[in-house]
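Q: After the structure tokens below, expect a handful of questions from me.
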Amino acid sequence: MLAMFLAMLESEEDQRRFTKLYEAYEKKVYAVALRILGDPVRAEDAAQQTWFQLLKRWDRVSALPWEETEGYAVTTSKNCALDMLRAERRTMAFPEDWDPPAPEDRQDEYDYLVSLIRALPEGYRRILELKCVEEQTNKEIARRLNINESTVASRVMRGRAMLRSQLKKEGYAYDAV
């Protein structure tokens with residue numbers, strides 16, 4: 001993950017400073033998010049979003065004296081976690097009796113996929129319902145759920161990995177997921 005963040009910085013000096021910041025506070029940023037969200041997966045998403053936010057404001061962050069960077073990183077983590085909580089409260093899950101539109105052929109496979117998606121943890125379920133069932137783009141999902149597009153992308157990727165794992169366990173082909 002660090003390599004991806006470093007690729008967003010132009011100078012070697014910025015990369016060194018960001019690496020120092022990341023290595024010094026990675027666990028603390030995650031711990032703050034975990035304390036607020038209470039879920040390791042959601043805390044990972046909030047921590048990742050924290051680092052993106054710090055990169056977006058890198059001019060400001062890199063200008064801070066080193067002693068102040070911890071407070072800035074912790075505050076950013078807290079705000080990202082709280083933003084996630086607010087977004088989740090505004091988002092209504094699909095009702096259990098919701099019947100998604102289905103393709104006319106391969107109905108059984110489609111129904112099975114929908115049942116697997118419904119069995120996922122809420123944060124992944126909602127996003128994959130919008131992605132796989134309603135066929136929305138990451139940008140549309142981010143706008144609808146009021147979360148960052150990068151969070152949508154990582155949850156889609158992780159959710160699909162969960163689906164592939166489940167399908168593989170049950171002996172199904174999983175190319176479409």
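Starting from 1 in every chain, residues are counted up; chains themselves are A, B, ... following the order of the structure tokens, and ligands are numbered from 1 as listed.
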I'd like the contact shell of Gly38 (chain A) - 12 Å cut-off, only C-alpha atoms, skipping same-chain residues fewer than 6 positions apart - returned as a VMD selection string.
A: chain A and resid 30 to 32 44 46 81 to 82 84 to 85
Q: Where in region 4-97 of chain A does DSSP assign alpha helix (DSSP H), given as JSON, numbers by chain?
A: {"A": [4, 5, 6, 7, 12, 13, 14, 15, 16, 17, 18, 19, 20, 21, 22, 23, 24, 25, 26, 27, 28, 29, 30, 31, 32, 33, 34, 35, 36, 37, 40, 41, 42, 43, 44, 45, 46, 47, 48, 49, 50, 51, 52, 53, 54, 55, 56, 58, 59, 60, 61, 62, 63, 66, 67, 68, 69, 70, 71, 72, 73, 74, 75, 76, 77, 78, 79, 80, 81, 82, 83, 84, 85, 86, 87, 88, 89, 90]}
Q: Nearest residue to Tyr22 (chain A) out of A:Leu54, A:Met8, A:Val41, A:Ala119, using only C-alpha atoms?
A: A:Leu54
Q: Find the residue from A:Leu9, A:Ala47, A:Glu122, A:Lys56 that sits nearest to Leu34 (chain A); use only C-alpha atoms when measuring.
A: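 Result for the nearest residue to Leu34 (chain A): A:Ala47.
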